[in-house]
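File shown here: data-v4.txt, holding compact mmCIF, C-alpha atoms.
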```txt
# COMPACT_ATOMS: atom_id res chain seq x y z
CA MET A 6 -62.88 -64.86 -13.63
CA LYS A 7 -66.21 -66.62 -13.94
CA THR A 8 -68.37 -66.87 -10.82
CA GLU A 9 -69.51 -70.42 -11.70
CA HIS A 10 -65.97 -71.65 -10.98
CA TYR A 11 -66.01 -70.18 -7.46
CA ARG A 12 -67.74 -71.01 -4.19
CA ILE A 13 -67.94 -69.37 -0.77
CA LEU A 14 -67.24 -71.02 2.59
CA GLU A 15 -67.90 -69.06 5.78
CA LYS A 16 -64.93 -69.06 8.15
CA SER A 17 -67.13 -70.41 10.92
CA LYS A 18 -67.67 -73.55 8.85
CA ILE A 19 -64.02 -74.42 8.13
CA THR A 20 -63.98 -76.88 11.05
CA ASP A 21 -67.11 -78.58 9.74
CA PHE A 22 -65.53 -78.75 6.29
CA LEU A 23 -62.35 -80.42 7.54
CA ASP A 24 -64.30 -82.88 9.67
CA LYS A 25 -66.49 -83.85 6.71
CA LEU A 26 -63.40 -84.08 4.53
CA ASN A 27 -61.98 -86.58 6.99
CA THR A 28 -64.95 -88.87 6.32
CA ILE A 29 -64.21 -88.80 2.58
CA SER A 30 -60.50 -89.58 2.63
CA LYS A 31 -57.33 -89.55 4.69
CA ILE A 32 -56.15 -85.94 5.11
CA ALA A 33 -52.67 -84.48 5.54
CA ALA A 34 -52.42 -80.83 6.58
CA PRO A 35 -49.95 -78.40 8.19
CA VAL A 36 -49.60 -78.98 11.95
CA TYR A 37 -47.69 -76.85 14.45
CA LYS A 38 -44.73 -78.76 15.94
CA GLY A 39 -43.34 -76.10 18.26
CA PHE A 40 -40.45 -73.60 17.93
CA ASN A 41 -42.08 -72.01 14.86
CA ASN A 42 -41.86 -75.29 12.96
CA TYR A 43 -44.66 -76.91 11.00
CA ALA A 44 -45.09 -80.28 9.30
CA PHE A 45 -47.56 -81.85 6.92
CA GLN A 46 -48.99 -84.88 8.68
CA THR A 47 -52.15 -86.96 8.85
CA ILE A 48 -54.84 -85.30 10.95
CA LYS A 49 -57.73 -86.79 12.91
CA SER A 50 -59.54 -83.55 13.71
CA ALA A 51 -59.76 -80.00 12.41
CA GLU A 52 -58.28 -78.60 15.64
CA GLU A 53 -54.85 -79.95 14.65
CA VAL A 54 -54.65 -77.85 11.48
CA SER A 55 -52.67 -74.59 11.32
CA LEU A 56 -54.11 -72.23 8.73
CA LYS A 57 -51.42 -69.62 9.45
CA TYR A 58 -48.01 -71.20 8.97
CA ILE A 59 -44.61 -70.66 7.43
CA PRO A 60 -43.47 -73.36 4.98
CA THR A 61 -43.22 -76.76 6.63
CA VAL A 62 -39.73 -78.12 7.27
CA ILE A 63 -40.20 -80.86 4.66
CA PRO A 64 -42.39 -79.95 1.66
CA PRO A 65 -45.50 -81.98 0.76
CA LYS A 66 -43.51 -83.59 -2.07
CA LYS A 67 -42.83 -86.35 0.50
CA TYR A 68 -46.26 -87.78 -0.33
CA PHE A 69 -45.44 -87.94 -4.04
CA LEU A 70 -41.80 -88.95 -3.67
CA PRO A 71 -41.31 -90.65 -0.27
CA THR A 72 -37.95 -90.46 1.47
CA LYS A 73 -37.80 -94.26 1.21
CA ASP A 74 -39.66 -95.74 -1.75
CA SER A 75 -39.88 -99.48 -2.44
CA LEU A 76 -39.32 -100.30 -6.11
CA LEU A 77 -39.39 -104.09 -6.28
CA GLU A 78 -39.28 -107.28 -4.24
CA PHE A 79 -37.48 -110.42 -5.32
CA THR A 80 -37.33 -114.05 -4.24
CA VAL A 81 -34.90 -116.79 -5.20
CA GLY A 82 -36.20 -120.36 -5.49
CA ASN A 83 -36.08 -122.62 -8.47
CA GLU A 84 -36.06 -119.40 -10.42
CA LEU A 85 -35.68 -115.68 -9.72
CA LYS A 86 -39.01 -113.90 -9.25
CA VAL A 87 -39.17 -110.13 -9.37
CA GLU A 88 -42.32 -108.14 -8.50
CA PRO A 89 -42.48 -104.37 -9.01
CA THR A 90 -44.00 -102.56 -6.03
CA VAL A 91 -45.78 -99.21 -5.77
CA GLU A 92 -47.00 -98.03 -2.39
CA TYR A 93 -49.84 -95.51 -2.61
CA GLU A 94 -53.10 -94.47 -0.96
CA ASN A 95 -55.93 -92.02 -1.52
CA LEU A 96 -54.98 -88.78 0.18
CA ILE A 97 -56.20 -85.20 0.38
CA LEU A 98 -53.51 -82.57 0.95
CA PHE A 99 -55.14 -79.56 2.58
CA GLY A 100 -53.63 -76.10 3.00
CA VAL A 101 -50.85 -76.35 0.41
CA HIS A 102 -49.25 -72.96 -0.27
CA THR A 103 -48.81 -71.78 -3.85
CA CYS A 104 -45.02 -72.13 -3.60
CA ASP A 105 -45.36 -75.85 -2.80
CA ILE A 106 -47.91 -76.31 -5.57
CA ALA A 107 -45.32 -74.76 -7.90
CA GLY A 108 -42.80 -77.32 -6.61
CA ILE A 109 -45.16 -80.21 -7.37
CA ARG A 110 -45.68 -78.80 -10.86
CA CYS A 111 -41.90 -78.88 -11.37
CA LEU A 112 -41.76 -82.51 -10.25
CA ASN A 113 -44.69 -83.35 -12.54
CA MET A 114 -42.76 -81.91 -15.47
CA VAL A 115 -39.55 -83.83 -14.80
CA LEU A 116 -41.01 -87.16 -13.70
CA SER A 117 -43.48 -87.28 -16.60
CA ASP A 118 -40.56 -86.89 -19.00
CA LYS A 119 -38.81 -89.96 -20.40
CA PRO A 120 -38.02 -92.23 -18.69
CA LYS A 121 -41.31 -91.75 -16.84
CA ASP A 122 -41.37 -92.32 -13.09
CA THR A 123 -44.27 -94.76 -12.90
CA ALA A 124 -44.45 -94.89 -9.10
CA TYR A 125 -44.63 -91.10 -8.86
CA LEU A 126 -47.32 -90.84 -11.54
CA ILE A 127 -49.48 -93.53 -9.91
CA ARG A 128 -49.23 -91.76 -6.55
CA LYS A 129 -50.07 -88.41 -8.15
CA LYS A 130 -53.41 -89.77 -9.45
CA HIS A 131 -54.48 -90.68 -5.92
CA ILE A 132 -53.65 -87.33 -4.29
CA THR A 133 -56.04 -84.39 -4.21
CA ILE A 134 -54.52 -80.95 -3.64
CA ILE A 135 -56.43 -78.23 -1.78
CA GLY A 136 -54.40 -75.05 -1.85
CA LEU A 137 -54.33 -72.12 0.58
CA GLU A 138 -53.26 -68.78 -0.87
CA CYS A 139 -50.86 -66.55 1.08
CA ASN A 140 -52.05 -62.95 1.42
CA ASP A 141 -48.71 -61.77 2.83
CA TYR A 142 -45.12 -62.99 3.09
CA CYS A 143 -44.43 -65.99 5.32
CA ASP A 144 -41.19 -64.42 6.57
CA GLU A 145 -38.06 -62.64 5.38
CA PHE A 146 -36.66 -65.72 3.59
CA ALA A 147 -39.40 -65.95 0.94
CA SER A 148 -38.77 -64.88 -2.66
CA CYS A 149 -41.98 -66.20 -4.21
CA ALA A 150 -42.76 -63.03 -6.19
CA PHE A 151 -39.44 -63.23 -8.05
CA VAL A 152 -40.26 -66.70 -9.38
CA GLY A 153 -43.98 -65.99 -9.83
CA ALA A 154 -45.16 -68.48 -7.18
CA HIS A 155 -47.07 -66.04 -4.97
CA LEU A 156 -50.29 -66.31 -6.97
CA PRO A 157 -52.38 -69.42 -7.69
CA THR A 158 -52.25 -70.42 -11.35
CA THR A 159 -52.72 -74.16 -11.79
CA GLY A 160 -51.74 -77.51 -10.26
CA TYR A 161 -54.49 -77.75 -7.62
CA ASP A 162 -58.01 -79.15 -7.32
CA LEU A 163 -59.37 -76.45 -4.99
CA MET A 164 -57.80 -73.15 -3.94
CA PHE A 165 -58.88 -71.42 -0.73
CA THR A 166 -58.34 -67.65 -0.50
CA GLU A 167 -59.09 -65.96 2.80
CA LEU A 168 -61.13 -62.77 2.71
CA GLU A 169 -62.87 -60.81 5.48
CA ASP A 170 -65.21 -63.38 7.02
CA TYR A 171 -65.16 -66.14 4.43
CA PHE A 172 -62.98 -68.14 2.06
CA ILE A 173 -63.52 -67.82 -1.67
CA VAL A 174 -62.75 -71.18 -3.26
CA HIS A 175 -61.69 -71.75 -6.86
CA ILE A 176 -62.76 -75.08 -8.35
CA HIS A 177 -60.07 -76.29 -10.73
CA SER A 178 -60.88 -79.96 -11.34
CA THR A 179 -63.61 -82.59 -11.20
CA LYS A 180 -62.05 -83.93 -8.00
CA GLY A 181 -62.42 -80.49 -6.48
CA SER A 182 -66.01 -80.22 -7.70
CA ASP A 183 -66.81 -83.60 -6.12
CA ILE A 184 -65.50 -82.40 -2.74
CA ILE A 185 -67.67 -79.27 -2.96
CA GLU A 186 -70.72 -81.42 -3.66
CA LYS A 187 -70.03 -84.10 -1.02
CA THR A 188 -69.34 -81.69 1.85
CA GLY A 189 -72.41 -79.57 1.08
CA LEU A 190 -71.20 -76.49 2.95
CA PHE A 191 -70.50 -74.09 0.11
CA LYS A 192 -72.53 -71.27 -1.40
CA PRO A 193 -72.28 -69.94 -4.97
CA ALA A 194 -70.00 -66.93 -5.38
CA GLN A 195 -71.62 -63.63 -6.31
CA THR A 196 -70.27 -60.63 -8.21
CA ILE A 197 -69.49 -58.84 -4.94
CA HIS A 198 -67.26 -61.74 -3.87
CA MET A 199 -65.35 -61.59 -7.15
CA GLU A 200 -64.85 -57.86 -6.66
CA GLU A 201 -63.44 -58.45 -3.18
CA LEU A 202 -61.07 -61.08 -4.59
CA LYS A 203 -59.93 -58.58 -7.22
CA VAL A 204 -59.25 -55.98 -4.52
CA LEU A 205 -57.21 -58.52 -2.53
CA ARG A 206 -55.09 -59.38 -5.57
CA GLU A 207 -54.45 -55.67 -6.16
CA LYS A 208 -53.29 -55.34 -2.55
CA LYS A 209 -51.01 -58.33 -3.04
CA SER A 210 -49.39 -56.70 -6.05
CA ALA A 211 -48.25 -53.93 -3.71
CA ILE A 212 -47.17 -56.30 -0.92
CA PHE A 213 -45.29 -58.84 -3.02
CA ASN A 214 -42.42 -57.09 -4.77
CA ASN A 215 -39.55 -58.55 -6.74
CA GLU A 216 -37.21 -59.65 -3.94
CA ILE A 217 -34.15 -59.92 -6.22
CA PRO A 218 -32.71 -56.87 -8.07
CA THR A 219 -33.33 -58.32 -11.54
CA GLU A 220 -36.12 -59.91 -13.55
CA ARG A 221 -36.65 -63.63 -14.04
CA ARG A 222 -36.19 -63.34 -17.81
CA TYR A 223 -32.57 -62.23 -17.31
CA LEU A 224 -31.57 -65.33 -15.33
CA PRO A 225 -30.15 -67.33 -18.29
CA ASP A 226 -27.80 -64.48 -19.25
CA LEU A 227 -26.84 -63.90 -15.62
CA PHE A 228 -25.85 -67.52 -15.04
CA ASP A 229 -24.13 -67.80 -18.42
CA ARG A 230 -21.80 -65.03 -17.22
CA SER A 231 -21.41 -66.33 -13.67
CA PHE A 232 -19.86 -69.79 -13.92
CA ASN A 233 -16.53 -68.51 -12.60
CA ALA A 234 -17.97 -65.90 -10.24
CA SER A 235 -16.14 -65.31 -6.97
CA ILE A 236 -19.27 -66.03 -4.91
CA TRP A 237 -18.81 -69.79 -5.44
CA LYS A 238 -15.44 -69.72 -3.68
CA GLU A 239 -16.96 -67.63 -0.90
CA LEU A 240 -19.66 -70.26 -0.43
CA GLU A 241 -16.98 -72.94 -0.27
CA GLN A 242 -15.69 -71.32 2.92
CA LYS A 243 -19.17 -71.38 4.47
CA CYS A 244 -20.86 -74.53 3.20
CA LEU A 245 -20.81 -77.55 5.54
CA SER A 246 -21.99 -80.00 2.86
CA CYS A 247 -24.72 -81.15 5.23
CA GLY A 248 -27.33 -81.43 2.46
CA ASN A 249 -30.02 -79.57 4.41
CA CYS A 250 -30.77 -77.23 1.50
CA THR A 251 -31.58 -80.07 -0.89
CA ALA A 252 -33.35 -82.20 1.71
CA VAL A 253 -35.97 -79.49 2.23
CA CYS A 254 -36.21 -78.25 -1.36
CA PRO A 255 -39.62 -78.86 -3.00
CA THR A 256 -38.09 -79.40 -6.46
CA CYS A 257 -35.11 -81.67 -5.70
CA TYR A 258 -35.74 -85.21 -6.94
CA CYS A 259 -32.37 -86.99 -6.96
CA PHE A 260 -32.24 -90.41 -5.31
CA ASP A 261 -29.92 -93.34 -4.65
CA ILE A 262 -30.78 -97.03 -5.15
CA LYS A 263 -30.23 -99.53 -2.34
CA GLU A 264 -31.00 -103.21 -1.75
CA ASN A 265 -31.79 -105.24 1.36
CA VAL A 266 -31.38 -109.02 1.25
CA ASP A 267 -32.70 -111.15 4.11
CA LEU A 268 -30.44 -113.49 6.10
CA SER A 269 -31.56 -116.54 4.13
CA LEU A 270 -30.36 -114.87 0.91
CA GLN A 271 -33.63 -116.05 -0.64
CA ALA A 272 -35.53 -112.75 -0.75
CA GLY A 273 -34.96 -109.04 -0.74
CA GLU A 274 -36.10 -105.56 -1.66
CA ARG A 275 -34.81 -102.81 -3.92
CA TYR A 276 -35.71 -99.30 -2.86
CA ARG A 277 -34.66 -95.71 -3.41
CA VAL A 278 -33.87 -92.96 -0.92
CA TRP A 279 -33.46 -89.22 -1.32
CA PHE A 280 -29.92 -88.17 -2.23
CA SER A 281 -28.21 -84.79 -2.43
CA CYS A 282 -25.84 -83.14 -4.88
CA GLN A 283 -24.30 -81.40 -1.87
CA LEU A 284 -22.92 -84.63 -0.42
CA ASP A 285 -19.43 -85.78 -1.35
CA PRO A 286 -20.34 -89.24 -2.79
CA PHE A 287 -22.94 -87.81 -5.19
CA ALA A 288 -20.64 -87.06 -8.14
CA LYS A 289 -18.17 -89.92 -7.60
CA VAL A 290 -17.84 -92.47 -10.39
CA ALA A 291 -15.84 -95.64 -11.01
CA GLY A 292 -12.16 -95.26 -10.23
CA GLY A 293 -12.86 -92.85 -7.40
CA ILE A 294 -13.09 -89.82 -9.70
CA ASP A 295 -15.21 -87.01 -8.22
CA PHE A 296 -16.56 -84.48 -10.72
CA ARG A 297 -17.52 -82.04 -7.98
CA ARG A 298 -14.98 -82.57 -5.22
CA GLU A 299 -15.01 -78.93 -4.09
CA ARG A 300 -17.93 -77.55 -2.13
CA SER A 301 -17.88 -74.51 -4.40
CA ALA A 302 -18.66 -76.76 -7.37
CA ARG A 303 -21.53 -78.40 -5.50
CA GLN A 304 -23.09 -75.10 -4.47
CA ARG A 305 -22.72 -73.76 -8.01
CA HIS A 306 -24.37 -76.89 -9.36
CA ARG A 307 -27.30 -76.44 -6.97
CA PHE A 308 -27.94 -72.88 -8.11
CA TYR A 309 -27.59 -73.76 -11.78
CA ARG A 310 -30.10 -76.60 -11.32
CA LYS A 311 -32.61 -74.11 -9.94
CA PHE A 312 -32.03 -71.13 -12.20
CA ARG A 313 -30.41 -72.26 -15.47
CA TYR A 314 -30.40 -75.89 -16.61
CA HIS A 315 -34.14 -76.48 -16.33
CA ILE A 316 -34.94 -73.27 -18.18
CA ASP A 317 -33.27 -74.80 -21.24
CA ARG A 318 -35.06 -78.14 -20.94
CA TYR A 319 -38.45 -77.25 -19.50
CA GLY A 320 -38.72 -73.46 -19.77
CA MET A 321 -39.19 -73.26 -15.98
CA VAL A 322 -37.27 -71.94 -13.00
CA PHE A 323 -36.95 -74.76 -10.46
CA CYS A 324 -36.96 -72.49 -7.42
CA THR A 325 -40.34 -71.79 -5.84
CA GLY A 326 -39.22 -68.99 -3.53
CA CYS A 327 -40.33 -70.91 -0.43
CA GLY A 328 -37.15 -69.94 1.48
CA ARG A 329 -36.60 -73.39 2.99
CA CYS A 330 -32.96 -73.65 1.93
CA SER A 331 -32.14 -70.32 3.57
CA ARG A 332 -34.24 -71.12 6.63
CA THR A 333 -32.50 -74.43 7.34
CA CYS A 334 -28.89 -73.67 6.31
CA MET A 335 -26.64 -74.14 9.33
CA ALA A 336 -23.96 -71.98 7.67
CA GLY A 337 -26.33 -69.05 7.11
CA ILE A 338 -26.20 -69.17 3.30
CA LYS A 339 -29.16 -67.13 2.00
CA LEU A 340 -30.46 -67.67 -1.51
CA LYS A 341 -31.47 -64.05 -2.03
CA GLU A 342 -28.03 -62.84 -0.92
CA VAL A 343 -26.25 -65.23 -3.30
CA LEU A 344 -28.35 -64.12 -6.27
CA THR A 345 -27.83 -60.46 -5.38
CA SER A 346 -24.05 -61.02 -5.18
CA LEU A 347 -24.09 -62.69 -8.59
CA ILE A 348 -25.97 -59.76 -10.08
CA ARG A 349 -23.63 -57.16 -8.58
CA GLU A 350 -20.49 -59.00 -9.71
CA SER A 351 -21.91 -59.49 -13.21
CA GLU A 352 -22.85 -55.81 -13.49
CA ALA A 353 -19.41 -54.74 -12.28
CA LYS A 354 -17.76 -56.87 -14.99
CA ILE A 355 -19.96 -55.31 -17.65
CA TRP A 356 -19.13 -51.78 -16.48
CA ARG A 357 -15.38 -52.54 -16.44
CA LYS A 358 -15.68 -53.87 -19.97
CA TRP A 359 -17.23 -50.63 -21.22
CA LEU A 360 -14.96 -48.22 -19.29
```
Write the structure described by the file as structure tokens, please.
Amino acid sequence: MKTEHYRILEKSKITDFLDKLNTISKIAAPVYKGFNNYAFQTIKSAEEVSLKYIPTVIPPKKYFLPTKDSLLEFTVGNELKVEPTVEYENLILFGVHTCDIAGIRCLNMVLSDKPKDTAYLIRKKHITIIGLECNDYCDEFASCAFVGAHLPTTGYDLMFTELEDYFIVHIHSTKGSDIIEKTGLFKPAQTIHMEELKVLREKKSAIFNNEIPTERRYLPDLFDRSFNASIWKELEQKCLSCGNCTAVCPTCYCFDIKENVDLSLQAGERYRVWFSCQLDPFAKVAGGIDFRRERSARQRHRFYRKFRYHIDRYGMVFCTGCGRCSRTCMAGIKLKEVLTSLIRESEAKIWRKWL
């Protein structure tokens, strides 16, 4: 780690930093909403920001992929006129945890692939990401160490790491460097600061342990053996098909297309909304055929989308270990418990084969 890529901000100046940041651009940050719930929302002052928070109910992907996203507007006169629409604004996301940055990286990978999602990519260019590293687990639902999302790697412009009486800040882009220069509150990092960061990371290696009794590299083999595992039928008895798990997931990107036509029938809008593979209409096709009628099939599909299919295509696990799906499931389905059950059933089959 090179000291020239790092700066120091005293904790006493974090309020000044956020207030100055607000003069540069619109800011969205984690805000406490009561009942141990947090949400990313636009802030007007630094006092609104929660630096200590568990993952927000809805991940910050909502700024990249809005829940309702206008695609085009059309009018009918002498001829049909169609105008593509992209709604975007300059925005700074402050306080983004490494698990959510990992989720945005997953979306970047998919939505940059053919066919490219132009609206998403335009929005991405206008958003600056300032990360905030977690020094300990958010709560018992997190599994960020298993998927390697507990440490900052890439995908941000600035990364804040809290130490004793200051933040050490990693500059990772020109946008991040511009913020450092414009706010004028940072000091150059010294060797002693880098040593303290190294000590913190060593402490984290003891705190963050693999939360699942296997290694990430064994996931493809595990899921190749688990398509007919009994756990899927067990989940069928629990799952309510409410779609909460996918609505809060930072890497889900499925959507449905809808149209609104005004009463004159002369103009209208086409837009997309978030959709969920856990809802019954998702896999229905012409003729009323449903490829995933059973809830067991839908839950299995969700887990394979996170831990198998995308490994083949992108070489990445599409779970960030944020714990949102477990935290919001009304039926009490816990991701770590499901993976552990899969592992135990798979191991039992292997032992029976050899006995």
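Between A:Glu201 and the residues A:Glu145, A:Asp170, A:Glu53, A:Asp162, the shortest atom-to-atom distance, using only C-alpha atoms, involves A:Asp170.
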Between A:Leu163, A:Leu116, A:Ile59, A:Ala302, single out the one closest to A:Ile176, counting only C-alpha atoms.
-> A:Leu163
Find the residues around A:Phe296 up to 12 Å (all atoms listed in the file counted), leave out those fewer than 4 positions away in its own chain, and share them as a list in words.
->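 Using all atoms listed in the file, the neighbours found are Cys282, Asp285, Pro286, Phe287, Ala288, Lys289, Val290, Ala291, Gly292, Arg300, Ser301, Ala302, Arg303 and His306 of chain A.
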Is there a way to get, as a list in words, all residues within 10 Å of the point (-54.8, -81.0, 1.2) in file coordinates, counting all atoms listed in the file?
->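 Residues with an atom close enough to that point: Leu23, Leu26, Lys31, Ile32, Ala33, Ala34, Pro35, Phe45, Pro65, Leu96, Ile97, Leu98, Phe99, Gly100, Val101, His102, Ile132, Thr133, Ile134, Ile135, Gly136, Leu137, Tyr161, Asp162, Leu163 and Met164 of chain A.
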Got a sec: who's within 10 Å of A:Asn215, counting only C-alpha atoms, leaving out chain neighbours fewer than 3 positions off, as a compact mmCIF listing (two decimals) with C-alpha atoms, in the coordinates of the input?
```txt
# COMPACT_ATOMS: atom_id res chain seq x y z
CA SER A 148 -38.77 -64.88 -2.66
CA CYS A 149 -41.98 -66.20 -4.21
CA ALA A 150 -42.76 -63.03 -6.19
CA PHE A 151 -39.44 -63.23 -8.05
CA VAL A 152 -40.26 -66.70 -9.38
CA GLY A 153 -43.98 -65.99 -9.83
CA ILE A 212 -47.17 -56.30 -0.92
CA PRO A 218 -32.71 -56.87 -8.07
CA THR A 219 -33.33 -58.32 -11.54
CA GLU A 220 -36.12 -59.91 -13.55
CA ARG A 221 -36.65 -63.63 -14.04
```
Against stretch 67-91 of chain A, which residues of stretch 276-333 of chain A fall within 8 Å? For each one I want the closest pair of atoms and the distance in Å (one decimal), counting all atoms listed in the file, rows by chain and increasing residue number, as a Markdown table.
```
| residue | atom | partner | partner_atom | distance |
| --- | --- | --- | --- | --- |
| A:Tyr276 | CA | A:Ser75 | CA | 4.2 |
| A:Arg277 | CA | A:Asp74 | CA | 5.3 |
| A:Val278 | CA | A:Lys73 | CA | 4.7 |
| A:Trp279 | CA | A:Thr72 | CA | 5.4 |
```
Top pick for closest residue to A:Phe213, considering A:Arg349, A:His155, A:Lys7, A:Arg298 and counting all atoms listed in the file | A:His155
Rank nothing, just name the residue among A:Thr345, A:Ser50, A:Ser351, A:Asn113 nearest to A:Asp229, using all atoms listed in the file.
->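 Of all the options, A:Ser351 lies closest to A:Asp229.
Using all atoms listed in the file, the shortest contact distance between A:Gln242 and any of A:Ala336, A:Leu190, A:Cys327, A:Leu14 is found at A:Ala336.
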